[in-house]
>>> print(open('coords.cif').read())   # mmCIF, C-alpha atoms
data_protein
#
loop_
_atom_site.label_atom_id
_atom_site.label_comp_id
_atom_site.auth_asym_id
_atom_site.auth_seq_id
_atom_site.Cartn_x
_atom_site.Cartn_y
_atom_site.Cartn_z
CA MET P 1 114.44 51.88 28.98
CA THR P 2 117.51 49.92 30.14
CA ALA P 3 117.27 46.16 29.61
CA ARG P 4 117.51 44.07 32.74
CA PRO P 5 121.02 42.57 33.10
CA ALA P 6 121.44 38.80 32.73
CA ARG P 7 122.70 38.56 36.35
CA ALA P 8 121.79 40.35 39.56
CA VAL P 9 123.17 43.84 40.02
CA VAL P 10 122.74 43.69 43.82
CA ARG P 11 122.28 40.33 45.53
CA THR P 12 119.95 39.67 48.45
CA PRO P 13 120.02 36.59 50.67
CA ARG P 14 117.36 34.08 49.66
CA HIS P 15 116.05 33.82 53.19
CA ASP P 16 114.28 36.45 55.29
CA VAL P 17 116.99 38.48 57.05
CA ALA P 18 114.49 39.39 59.76
CA GLU P 19 114.56 35.72 60.77
CA ARG P 20 118.10 34.61 60.02
CA PRO P 21 121.35 36.57 59.52
CA PHE P 22 123.71 35.91 56.66
CA LEU P 23 126.75 36.64 58.85
CA VAL P 24 127.45 36.03 62.54
CA ILE P 25 130.73 37.56 63.71
CA TRP P 26 132.17 36.41 67.02
CA GLU P 27 134.96 38.43 68.62
CA ALA P 28 136.86 35.55 70.22
CA THR P 29 139.36 37.80 72.00
CA ARG P 30 140.70 41.33 72.04
CA ALA P 31 144.26 40.17 72.60
CA CYS P 32 146.59 41.17 69.76
CA ALA P 33 150.27 42.06 69.37
CA LEU P 34 149.60 44.93 66.94
CA ALA P 35 148.88 48.61 67.65
CA CYS P 36 146.75 49.62 64.66
CA PRO P 37 145.45 53.23 64.80
CA HIS P 38 142.04 52.27 63.35
CA CYS P 39 141.39 49.32 65.69
CA ARG P 40 137.70 49.01 66.54
CA ALA P 41 138.46 46.65 69.42
CA GLU P 42 141.21 48.83 70.94
CA ALA P 43 143.11 45.55 71.25
CA ARG P 44 145.51 44.84 74.10
CA THR P 45 148.40 42.43 74.51
CA ALA P 46 146.68 40.32 77.19
CA ARG P 47 143.40 38.43 77.03
CA ASP P 48 140.43 39.83 78.92
CA PRO P 49 139.40 37.54 81.82
CA ARG P 50 135.75 38.32 80.94
CA GLU P 51 136.05 36.62 77.54
CA LEU P 52 133.52 33.93 76.72
CA ASP P 53 135.03 30.60 77.72
CA GLY P 54 134.90 27.46 75.60
CA ALA P 55 131.50 26.37 76.89
CA ASP P 56 130.04 29.84 76.27
CA ALA P 57 131.52 29.90 72.77
CA ARG P 58 130.03 26.51 71.94
CA ARG P 59 126.64 27.79 73.10
CA VAL P 60 126.98 30.76 70.72
CA MET P 61 127.65 28.27 67.93
CA ASP P 62 124.69 26.15 69.00
CA GLN P 63 122.48 29.24 68.90
CA THR P 64 123.85 30.22 65.49
CA ALA P 65 123.01 26.78 64.13
CA ALA P 66 119.52 27.16 65.66
CA PHE P 67 118.77 29.95 63.16
CA GLY P 68 118.21 27.15 60.65
CA ARG P 69 119.42 26.34 57.17
CA PRO P 70 121.17 27.66 55.29
CA ALA P 71 123.33 28.30 58.33
CA PRO P 72 124.91 31.76 58.66
CA LEU P 73 128.57 32.14 57.89
CA PHE P 74 130.29 32.15 61.30
CA VAL P 75 133.38 34.37 61.39
CA ILE P 76 135.82 34.16 64.30
CA THR P 77 137.59 37.50 64.64
CA GLY P 78 139.47 39.51 67.24
CA GLY P 79 141.99 40.91 68.23
CA ASP P 80 143.91 37.89 67.06
CA PRO P 81 141.89 34.65 67.25
CA PHE P 82 145.12 32.63 67.36
CA GLN P 83 145.56 33.95 70.90
CA ARG P 84 142.87 31.48 71.95
CA PRO P 85 144.34 28.00 72.58
CA ASP P 86 140.94 26.40 71.93
CA LEU P 87 140.54 27.97 68.46
CA THR P 88 140.82 24.77 66.42
CA HIS P 89 138.52 22.89 68.80
CA LEU P 90 135.89 25.59 68.39
CA ILE P 91 136.23 25.57 64.60
CA ALA P 92 135.77 21.81 64.58
CA TYR P 93 132.74 22.09 66.84
CA GLY P 94 131.09 24.74 64.70
CA THR P 95 131.77 22.70 61.57
CA SER P 96 130.17 19.67 63.18
CA LEU P 97 126.99 21.74 63.62
CA GLY P 98 126.90 22.50 59.92
CA LEU P 99 128.27 26.05 60.20
CA ARG P 100 130.58 27.52 57.59
CA VAL P 101 133.42 28.84 59.73
CA ALA P 102 135.91 31.52 58.70
CA VAL P 103 138.78 33.08 60.66
CA SER P 104 140.10 36.65 60.67
CA PRO P 105 143.63 36.61 62.17
CA SER P 106 146.17 39.40 62.57
CA GLY P 107 149.53 39.65 60.85
CA THR P 108 151.44 38.61 63.97
CA PRO P 109 153.96 35.79 64.58
CA THR P 110 150.97 33.47 65.12
CA LEU P 111 150.12 33.70 61.39
CA THR P 112 152.12 30.61 60.41
CA ARG P 113 151.59 27.87 57.87
CA GLU P 114 151.31 25.39 60.75
CA ASN P 115 148.48 27.34 62.38
CA LEU P 116 146.73 27.84 59.04
CA LEU P 117 146.90 24.11 58.34
CA ALA P 118 145.41 23.49 61.79
CA VAL P 119 142.41 25.75 61.21
CA ARG P 120 141.89 24.32 57.72
CA ASP P 121 142.01 20.75 59.04
CA ALA P 122 139.56 21.74 61.79
CA GLY P 123 137.08 22.77 59.08
CA ALA P 124 137.60 26.49 58.40
CA VAL P 125 136.69 27.41 54.83
CA ALA P 126 137.99 30.97 54.53
CA LEU P 127 140.40 33.51 55.94
CA SER P 128 140.44 37.31 55.93
CA LEU P 129 143.64 39.32 56.16
CA SER P 130 144.27 43.05 56.39
CA LEU P 131 146.51 44.85 53.92
CA ASP P 132 146.76 48.62 54.33
CA GLY P 133 149.79 49.30 52.18
CA SER P 134 151.34 48.03 48.97
CA THR P 135 154.84 48.08 50.50
CA PRO P 136 156.28 47.02 53.87
CA GLU P 137 156.97 50.65 54.79
CA ARG P 138 153.39 51.79 54.15
CA HIS P 139 151.66 48.84 55.79
CA ASP P 140 153.93 48.45 58.81
CA SER P 141 153.79 52.16 59.67
CA PHE P 142 150.00 51.89 59.75
CA ARG P 143 150.03 48.70 61.83
CA GLY P 144 152.58 50.04 64.29
CA VAL P 145 154.89 46.99 64.21
CA PRO P 146 157.69 46.16 61.74
CA GLY P 147 157.53 42.91 59.77
CA VAL P 148 153.72 42.73 59.60
CA TRP P 149 153.57 43.20 55.80
CA GLU P 150 155.93 40.28 55.18
CA ARG P 151 154.06 38.02 57.60
CA THR P 152 150.75 38.95 56.01
CA LEU P 153 152.02 38.14 52.51
CA GLU P 154 153.53 34.86 53.72
CA GLY P 155 150.30 33.90 55.48
CA TRP P 156 148.24 34.91 52.44
CA ARG P 157 150.30 32.73 50.12
CA ALA P 158 150.29 29.82 52.56
CA ALA P 159 146.51 30.02 53.01
CA ARG P 160 145.97 30.14 49.27
CA ASP P 161 148.33 27.21 48.71
CA ILE P 162 146.58 24.96 51.25
CA GLY P 163 143.12 25.66 49.83
CA LEU P 164 141.69 28.33 52.12
CA LYS P 165 139.72 31.09 50.42
CA VAL P 166 141.30 34.46 51.19
CA GLN P 167 139.61 37.84 51.52
CA VAL P 168 141.87 40.89 51.74
CA ASN P 169 140.63 43.93 53.68
CA THR P 170 142.01 47.43 53.16
CA THR P 171 141.21 50.41 55.39
CA VAL P 172 140.38 53.45 53.26
CA SER P 173 141.92 56.38 55.11
CA ARG P 174 143.98 59.42 54.21
CA ARG P 175 147.07 57.32 54.81
CA SER P 176 146.08 54.74 52.19
CA LEU P 177 144.26 56.89 49.61
CA ASP P 178 147.11 57.38 47.15
CA ASP P 179 148.12 53.74 47.56
CA LEU P 180 144.74 52.19 46.70
CA ALA P 181 145.55 51.47 43.06
CA ASP P 182 148.84 49.83 44.03
CA ILE P 183 147.13 47.73 46.72
CA ALA P 184 144.52 46.64 44.17
CA ALA P 185 147.30 45.64 41.77
CA LEU P 186 148.96 43.61 44.52
CA VAL P 187 145.69 41.84 45.35
CA ARG P 188 145.14 41.07 41.67
CA ARG P 189 148.69 39.74 41.29
CA GLU P 190 148.67 37.56 44.43
CA GLY P 191 145.13 36.27 43.97
CA ALA P 192 142.24 36.52 46.44
CA MET P 193 138.61 35.50 46.62
CA LEU P 194 137.67 39.09 47.39
CA TRP P 195 139.09 42.56 48.06
CA SER P 196 137.14 44.65 50.55
CA GLY P 197 137.55 48.39 50.98
CA PHE P 198 136.71 49.28 54.57
CA LEU P 199 135.35 52.83 54.93
CA LEU P 200 136.48 54.15 58.27
CA VAL P 201 133.99 54.33 61.14
CA PRO P 202 134.78 56.67 64.07
CA ALA P 203 134.86 53.89 66.67
CA GLY P 204 137.62 52.70 68.98
CA ARG P 205 141.03 54.13 68.09
CA ALA P 206 139.72 55.21 64.68
CA GLN P 207 138.12 58.22 66.37
CA GLN P 208 141.57 59.80 66.24
CA LEU P 209 141.98 59.41 62.46
CA GLU P 210 140.97 62.05 59.95
CA SER P 211 137.95 60.96 57.91
CA LEU P 212 137.47 61.42 54.18
CA THR P 213 134.90 63.90 52.97
CA ALA P 214 131.65 62.62 51.49
CA GLU P 215 132.85 63.72 48.03
CA GLU P 216 136.15 61.85 48.43
CA THR P 217 134.26 58.78 49.58
CA GLU P 218 132.11 58.97 46.44
CA ASP P 219 135.23 59.03 44.27
CA VAL P 220 136.66 56.02 46.13
CA LEU P 221 133.45 54.05 45.62
CA HIS P 222 133.49 54.75 41.88
CA PHE P 223 137.13 53.68 41.74
CA LEU P 224 136.30 50.45 43.60
CA TYR P 225 133.56 49.85 41.05
CA ASP P 226 136.15 50.17 38.27
CA CYS P 227 138.41 47.72 40.10
CA GLY P 228 135.56 45.21 39.97
CA ALA P 229 136.39 44.68 36.29
CA VAL P 230 139.67 42.95 37.19
CA LEU P 231 139.17 41.58 40.71
CA ALA P 232 136.19 40.72 42.90
CA THR P 233 135.56 43.80 45.03
CA LYS P 234 133.27 44.72 47.92
CA THR P 235 133.07 47.31 50.69
CA THR P 236 132.76 47.13 54.46
CA GLU P 237 130.65 49.89 56.05
CA GLY P 238 130.27 51.31 52.55
CA HIS P 239 126.63 50.47 51.96
CA HIS P 240 126.23 53.24 49.39
CA PHE P 241 128.50 51.18 47.13
CA ARG P 242 125.28 49.38 46.23
CA ARG P 243 123.84 52.70 45.05
CA VAL P 244 126.97 53.37 42.99
CA VAL P 245 126.76 49.93 41.37
CA LEU P 246 123.14 50.53 40.40
CA GLN P 247 123.90 53.99 39.03
CA ARG P 248 126.92 52.79 37.06
CA THR P 249 124.92 49.90 35.61
CA VAL P 250 122.29 52.30 34.31
CA LEU P 251 124.86 54.75 32.97
CA GLU P 252 126.87 52.06 31.19
CA ALA P 253 123.74 50.67 29.57
CA ARG P 254 123.12 54.16 28.21
CA GLY P 255 126.72 54.62 27.07
CA GLU P 256 127.34 57.32 29.69
CA ARG P 257 129.92 57.80 32.42
CA PRO P 258 129.69 59.48 35.84
CA ALA P 259 131.12 62.94 36.36
CA PRO P 260 134.30 62.10 38.30
CA GLY P 261 135.82 64.17 41.07
CA PRO P 262 139.52 65.01 41.38
CA LEU P 263 140.32 62.09 43.67
CA TYR P 264 138.73 59.64 41.23
CA GLU P 265 140.81 61.14 38.40
CA ARG P 266 143.96 60.78 40.50
CA LEU P 267 143.25 57.16 41.43
CA HIS P 268 142.37 56.26 37.86
CA ALA P 269 145.50 57.94 36.52
CA ARG P 270 147.67 55.96 38.94
CA ALA P 271 145.89 52.74 37.98
CA GLY P 272 146.67 53.50 34.33
CA ARG P 273 150.35 54.12 35.02
CA ILE P 274 150.79 50.78 36.79
CA GLY P 275 148.64 48.80 34.34
CA LEU P 276 145.97 47.78 36.84
CA PHE P 277 143.30 47.44 34.16
CA ASP P 278 145.57 45.95 31.48
CA GLY P 279 145.46 42.36 30.30
CA GLU P 280 142.73 39.78 30.66
CA ARG P 281 139.43 40.93 32.15
CA ARG P 282 137.58 37.88 33.33
CA ALA P 283 133.98 38.02 34.55
CA VAL P 284 134.97 38.89 38.12
CA ARG P 285 132.57 41.68 38.97
CA ARG P 286 130.81 40.63 42.16
CA PRO P 287 127.31 42.04 42.72
CA PRO P 288 127.28 43.56 46.22
CA LEU P 289 125.25 41.77 48.86
CA ASP P 290 122.33 43.60 50.44
CA VAL P 291 123.30 42.97 54.07
CA SER P 292 123.67 45.67 56.73
CA SER P 293 123.96 46.13 60.49
CA GLY P 294 121.14 44.19 62.15
CA ARG P 295 119.75 43.27 58.74
CA GLY P 296 121.53 40.06 57.86
CA PHE P 297 124.47 40.81 60.13
CA VAL P 298 125.06 40.37 63.87
CA PHE P 299 128.16 40.73 66.04
CA VAL P 300 128.84 38.96 69.36
CA SER P 301 131.54 40.63 71.45
CA HIS P 302 134.27 38.89 73.44
CA THR P 303 132.10 39.23 76.58
CA GLY P 304 128.89 38.02 74.91
CA GLU P 305 127.20 41.36 74.18
CA VAL P 306 125.18 41.34 70.96
CA HIS P 307 125.58 44.28 68.58
CA PRO P 308 124.19 44.98 65.10
CA SER P 309 127.81 45.58 64.02
CA GLY P 310 131.23 45.48 65.61
CA PHE P 311 131.49 49.18 64.78
CA LEU P 312 128.20 50.08 66.48
CA PRO P 313 128.73 50.15 70.27
CA LEU P 314 125.08 49.62 71.21
CA SER P 315 124.18 46.34 72.88
CA ALA P 316 120.83 44.62 72.39
CA GLY P 317 121.50 42.10 75.14
CA SER P 318 123.87 39.30 76.09
CA VAL P 319 124.01 35.70 74.91
CA LYS P 320 124.51 34.83 78.57
CA ASP P 321 120.97 36.04 79.29
CA ARG P 322 118.98 35.45 76.08
CA PRO P 323 119.47 33.20 73.04
CA LEU P 324 121.08 34.87 70.06
CA PRO P 325 118.13 34.16 67.70
CA GLU P 326 115.73 35.81 70.16
CA ILE P 327 117.90 38.93 70.41
CA TYR P 328 118.40 39.16 66.66
CA ARG P 329 114.72 38.68 65.83
CA GLN P 330 113.05 40.63 68.64
CA ALA P 331 115.34 43.26 70.19
CA PRO P 332 114.00 46.77 69.40
CA LEU P 333 117.46 47.91 68.29
CA PHE P 334 117.55 45.22 65.61
CA THR P 335 113.96 45.55 64.48
CA SER P 336 114.34 49.33 64.09
CA LEU P 337 117.41 48.88 61.90
CA ARG P 338 115.39 46.61 59.61
CA ASP P 339 112.75 49.28 59.02
CA PRO P 340 113.94 51.80 56.40
CA ALA P 341 110.86 53.96 57.10
CA LEU P 342 112.52 54.99 60.39
CA LEU P 343 115.64 56.46 58.75
CA ARG P 344 116.10 60.20 59.11
CA GLY P 345 117.70 62.98 57.10
CA ARG P 346 118.82 62.30 53.55
CA CYS P 347 118.88 58.54 54.17
CA GLY P 348 115.19 58.67 55.08
CA ALA P 349 114.33 60.62 51.93
CA CYS P 350 116.54 58.60 49.59
CA GLU P 351 115.11 56.36 46.87
CA PHE P 352 117.97 53.91 47.54
CA LYS P 353 117.17 53.46 51.25
CA ARG P 354 115.83 49.92 50.88
CA VAL P 355 118.92 48.70 49.06
CA CYS P 356 121.46 50.92 50.86
CA GLY P 357 120.28 52.61 54.05
CA GLY P 358 123.71 54.06 54.78
CA SER P 359 126.15 53.02 57.47
CA ARG P 360 124.28 52.95 60.77
CA SER P 361 127.64 52.64 62.56
CA ARG P 362 128.97 55.80 60.94
CA ALA P 363 125.72 57.67 61.54
CA TYR P 364 125.88 56.77 65.22
CA GLY P 365 129.59 57.57 65.47
CA ALA P 366 129.03 61.03 64.02
CA THR P 367 125.70 61.98 65.64
CA ARG P 368 124.92 59.42 68.39
CA ASP P 369 121.69 58.77 66.45
CA VAL P 370 121.65 55.30 64.94
CA LEU P 371 118.93 56.27 62.45
CA ALA P 372 120.51 59.53 61.24
CA GLU P 373 121.85 60.05 57.72
CA ASP P 374 125.26 58.65 56.79
CA PRO P 375 127.63 61.67 56.79
CA TYR P 376 129.96 59.97 54.29
CA CYS P 377 127.33 59.93 51.53
CA ALA P 378 127.35 62.79 49.02
CA TYR P 379 124.20 61.75 47.14
CA GLU P 380 121.20 64.09 47.14
CA PRO P 381 117.96 62.06 47.07
CA GLY P 382 116.18 62.17 43.73
CA SER P 383 119.09 63.71 41.82
CA PHE P 384 119.86 60.70 39.60
CA PRO P 385 118.10 61.40 36.29
CA TYR P 386 117.14 57.85 35.30
CA GLN P 387 114.72 56.86 38.05
CA GLU P 388 112.62 54.48 35.97
CA GLU P 389 115.68 52.47 34.98
CA LEU P 390 116.65 52.29 38.65
CA ARG P 391 113.23 50.96 39.63
CA HIS P 392 113.55 48.36 36.90
CA LEU P 393 116.91 47.20 38.25
CA THR P 394 116.00 47.12 41.93
CA ARG P 395 112.93 44.99 41.23
CA GLY P 396 115.30 42.32 39.93
CA ALA P 397 118.17 42.88 42.34
CA ALA P 398 118.28 39.48 43.99
CA GLY P 399 120.49 36.52 43.47
CA ARG P 400 122.32 33.62 45.00
CA SER P 401 124.46 34.53 48.01
CA THR P 402 128.07 33.37 48.22
CA PRO P 403 130.42 33.30 51.24
CA CYS P 404 132.35 36.39 52.18
CA VAL P 405 134.31 37.38 55.27
CA ARG P 406 133.64 40.70 56.92
#
>>> encode(input="coords.cif", output="structure tokens")
Amino acid sequence: MTARPARAVVRTPRHDVAERPFLVIWEATRACALACPHCRAEARTARDPRELDGADARRVMDQTAAFGRPAPLFVITGGDPFQRPDLTHLIAYGTSLGLRVAVSPSGTPTLTRENLLAVRDAGAVALSLSLDGSTPERHDSFRGVPGVWERTLEGWRAARDIGLKVQVNTTVSRRSLDDLADIAALVRREGAMLWSGFLLVPAGRAQQLESLTAEETEDVLHFLYDCGAVLATKTTEGHHFRRVVLQRTVLEARGERPAPGPLYERLHARAGRIGLFDGERRAVRRPPLDVSSGRGFVFVSHTGEVHPSGFLPLSAGSVKDRPLPEIYRQAPLFTSLRDPALLRGRCGACEFKRVCGGSRSRAYGATRDVLAEDPYCAYEPGSFPYQEELRHLTRGAAGRSTPCVR
């Protein structure tokens, strides 16, 4: 039998996620100067007059603090949060309540050292930036505006230099597939707290993009696991990454390797050619956090609607009508997402459903059934041969949570 690792393989928040989320994401605005083809928010150049005003935003922060300690990480996203003139005042207010506040800006002309210093001085602890290409040509063509790659790199370096933790997010799409190894090498070279591979959800403008197959997604997840040896790596809307981590842990303890697909071989070959895995390998592998839509995670839209995820367009109510803790704890949409016994299809039959559960956003986007199986998962329940080793690992899969930006 496989010995239990010295550290957690998959981390779980120490508190009950039915009572308190780990992450609260607030969409401060949908205004943004970019035209990204995958944009969940379908951002526009002008601010929506229905946006929560400053008083409403402070109430959302009050309600987030009311969840109790440890306070959730409060992420201000968009659109481009720098489009709000009251951004630094809101960061300072949230910090005064004891919230850990992070900001997720866009690579627009507002991403300046001056603005980054302002959010840091207001109390922000972390920043997330999007990088969808290893070169200006690749990234800017995806973002729809020239100069975005350079601004993103400049903002990244400035944020790092002034002491903000930086998470880099990369959309995994057909346009970025053959560039993933090069993007990983760039993230490793520039330095970041975390690199997150975002698996596309058919929501917003992303409904027009071609999705990967389930088999290609599996290869990407195994490649991201390999990248974890040289840089801290996570996924967004890739909950089955937790399954892959558990499987790889068992296989490595037995001296075995997975059977790779052709995309995995291609990505690994490119990584070898550019030396991604060469040199020092510090202990950077980050155990994935067991947090999912409605289960440790909640999203508040620019108008105050409460969703289990920003990629799941089902509202459980509005913060203008009911307190956020009440919605999170009691709304039927949220309570159903916290019950793995309700999952259907392969997700419902899967032995990993309590630690994975699949992307509820992707299931809904593909089938309009929030509890359906995740169509991007290639795993057949019960097919992994070392079930006893898995049970051994999942019994111990809990550990101390650390901040991340979604």
>>> atom_distance(input="coords.cif", atom1="CA of Ala185 in chain P", atom2="CA of Arg270 in chain P")
10.7 Å
>>> residues_near_point(input="coords.cif", point="(117.8, 31.8, 62.9)", cutoff="6 Å", atoms="only C-alpha atoms", output="count of residues only")
6
>>> residues_around(input="coords.cif", residues="Arg69 in chain P", least_positions_apart="6", cutoff="10 Å", atoms="all atoms listed in the file", output="CSV table (one decimal) with C-alpha atoms, keeping the file's coordinate frame")
chain,number,residue,atom,x,y,z
P,15,HIS,CA,116.0,33.8,53.2
P,20,ARG,CA,118.1,34.6,60.0
P,98,GLY,CA,126.9,22.5,59.9
P,99,LEU,CA,128.3,26.0,60.2
>>> resolve_selection(input="coords.cif", expression="the PyMOL selection byres ((chain P and resi 110) around 12)", output="compact mmCIF listing (two decimals) with C-alpha atoms, in the frame of the given file")
# COMPACT_ATOMS: atom_id res chain seq x y z
CA CYS P 32 146.59 41.17 69.76
CA ALA P 33 150.27 42.06 69.37
CA LEU P 34 149.60 44.93 66.94
CA ASP P 80 143.91 37.89 67.06
CA PRO P 81 141.89 34.65 67.25
CA PHE P 82 145.12 32.63 67.36
CA GLN P 83 145.56 33.95 70.90
CA ARG P 84 142.87 31.48 71.95
CA PRO P 85 144.34 28.00 72.58
CA PRO P 105 143.63 36.61 62.17
CA SER P 106 146.17 39.40 62.57
CA GLY P 107 149.53 39.65 60.85
CA THR P 108 151.44 38.61 63.97
CA PRO P 109 153.96 35.79 64.58
CA LEU P 111 150.12 33.70 61.39
CA THR P 112 152.12 30.61 60.41
CA ARG P 113 151.59 27.87 57.87
CA GLU P 114 151.31 25.39 60.75
CA ASN P 115 148.48 27.34 62.38
CA LEU P 116 146.73 27.84 59.04
CA ALA P 118 145.41 23.49 61.79
CA VAL P 148 153.72 42.73 59.60
CA ARG P 151 154.06 38.02 57.60
CA THR P 152 150.75 38.95 56.01
CA GLU P 154 153.53 34.86 53.72
CA GLY P 155 150.30 33.90 55.48
>>> closest_residue(input="coords.cif", among="P:Gly310, P:Pro323, P:Gly133, P:Pro72", to="Asp179 in chain P", atoms="all atoms listed in the file")
P:Gly133
>>> resolve_selection(input="coords.cif", expression="the PyMOL selection byres ((chain P and resi 222-228) around 8)", output="list in words")
Ala184, Gly197, Glu218, Asp219, Val220, Leu221, Ala229, Val230, Leu231, Ala232, Thr233, Lys234, Val244, Val245, Tyr264, Leu267, His268, Phe277, Val284, Arg285 and Arg286 of chain P
>>> closest_residue(input="coords.cif", among="P:Pro385, P:Pro13, P:Gly345, P:Pro136", to="Pro70 in chain P", atoms="only C-alpha atoms")
P:Pro13
>>> closest_residue(input="coords.cif", among="P:Ile274, P:Cys350, P:Ser301, P:Arg248", to="Asp48 in chain P", atoms="all atoms listed in the file")
P:Ser301
>>> resolve_selection(input="coords.cif", expression="the PyMOL selection byres ((chain P and resi 138) around 12)", output="list in words")
Leu131, Asp132, Gly133, Ser134, Thr135, Pro136, Glu137, His139, Asp140, Ser141, Phe142, Arg143, Gly144, Val145, Pro146, Gly147, Val148, Trp149, Glu150, Arg175, Ser176, Leu177, Asp178, Asp179, Leu180, Asp182 and Ile183 of chain P
>>> atom_distance(input="coords.cif", atom1="CA of Leu289 in chain P", atom2="CA of Arg14 in chain P")
11.0 Å
>>> atom_distance(input="coords.cif", atom1="CA of Thr45 in chain P", atom2="CA of Trp26 in chain P")
18.9 Å
>>> residues_around(input="coords.cif", residues="Ile91 in chain P", least_positions_apart="2", cutoff="10 Å", atoms="all atoms listed in the file", output="number ranges by chain")
P: 58, 61, 74-76, 86-89, 93-96, 99-103, 118-125
>>> residues_around(input="coords.cif", residues="range 359-372 of chain P", least_positions_apart="3", cutoff="8 Å", atoms="only C-alpha atoms", output="mmCIF file with C-alpha atoms, keeping the file's coordinate frame")
data_model
loop_
_atom_site.group_PDB
_atom_site.id
_atom_site.type_symbol
_atom_site.label_atom_id
_atom_site.label_comp_id
_atom_site.auth_asym_id
_atom_site.auth_seq_id
_atom_site.Cartn_x
_atom_site.Cartn_y
_atom_site.Cartn_z
ATOM 1 C CA VAL P 201 133.990 54.330 61.140
ATOM 2 C CA PRO P 202 134.780 56.670 64.070
ATOM 3 C CA ALA P 203 134.860 53.890 66.670
ATOM 4 C CA GLU P 237 130.650 49.890 56.050
ATOM 5 C CA GLY P 238 130.270 51.310 52.550
ATOM 6 C CA HIS P 239 126.630 50.470 51.960
ATOM 7 C CA SER P 292 123.670 45.670 56.730
ATOM 8 C CA SER P 293 123.960 46.130 60.490
ATOM 9 C CA SER P 309 127.810 45.580 64.020
ATOM 10 C CA PHE P 311 131.490 49.180 64.780
ATOM 11 C CA LEU P 312 128.200 50.080 66.480
ATOM 12 C CA LEU P 337 117.410 48.880 61.900
ATOM 13 C CA LEU P 342 112.520 54.990 60.390
ATOM 14 C CA LEU P 343 115.640 56.460 58.750
ATOM 15 C CA ARG P 344 116.100 60.200 59.110
ATOM 16 C CA GLY P 345 117.700 62.980 57.100
ATOM 17 C CA CYS P 347 118.880 58.540 54.170
ATOM 18 C CA PRO P 375 127.630 61.670 56.790
ATOM 19 C CA TYR P 376 129.960 59.970 54.290
#
>>> axis_aligned_box(input="coords.cif", around="range 151-165 of chain P", padding_each_side="3 Å", output="lines of an AutoDock Vina configuration file")
center_x = 146.9
center_y = 32.0
center_z = 53.2
size_x = 20.3
size_y = 20.0
size_z = 14.9
>>> closest_residue(input="coords.cif", among="P:Thr29, P:Ser336, P:Thr249, P:Thr217", to="Leu199 in chain P", atoms="all atoms listed in the file")
P:Thr217
>>> residues_around(input="coords.cif", residues="Gly348 in chain P", least_positions_apart="4", cutoff="12 Å", atoms="all atoms listed in the file", output="VMD selection string")
chain P and resid 339 to 344 352 to 354 356 to 358 371 to 374 380 to 382
>>> residues_near_point(input="coords.cif", point="(133.4, 37.7, 80.0)", cutoff="12 Å", atoms="all atoms listed in the file", output="list in words")
Glu27, Ala28, Thr29, Arg30, Arg47, Asp48, Pro49, Arg50, Glu51, Leu52, Asp53, Gly54, Ala55, Asp56, Ala57, Val300, Ser301, His302, Thr303, Gly304, Glu305, Ser318, Val319 and Lys320 of chain P
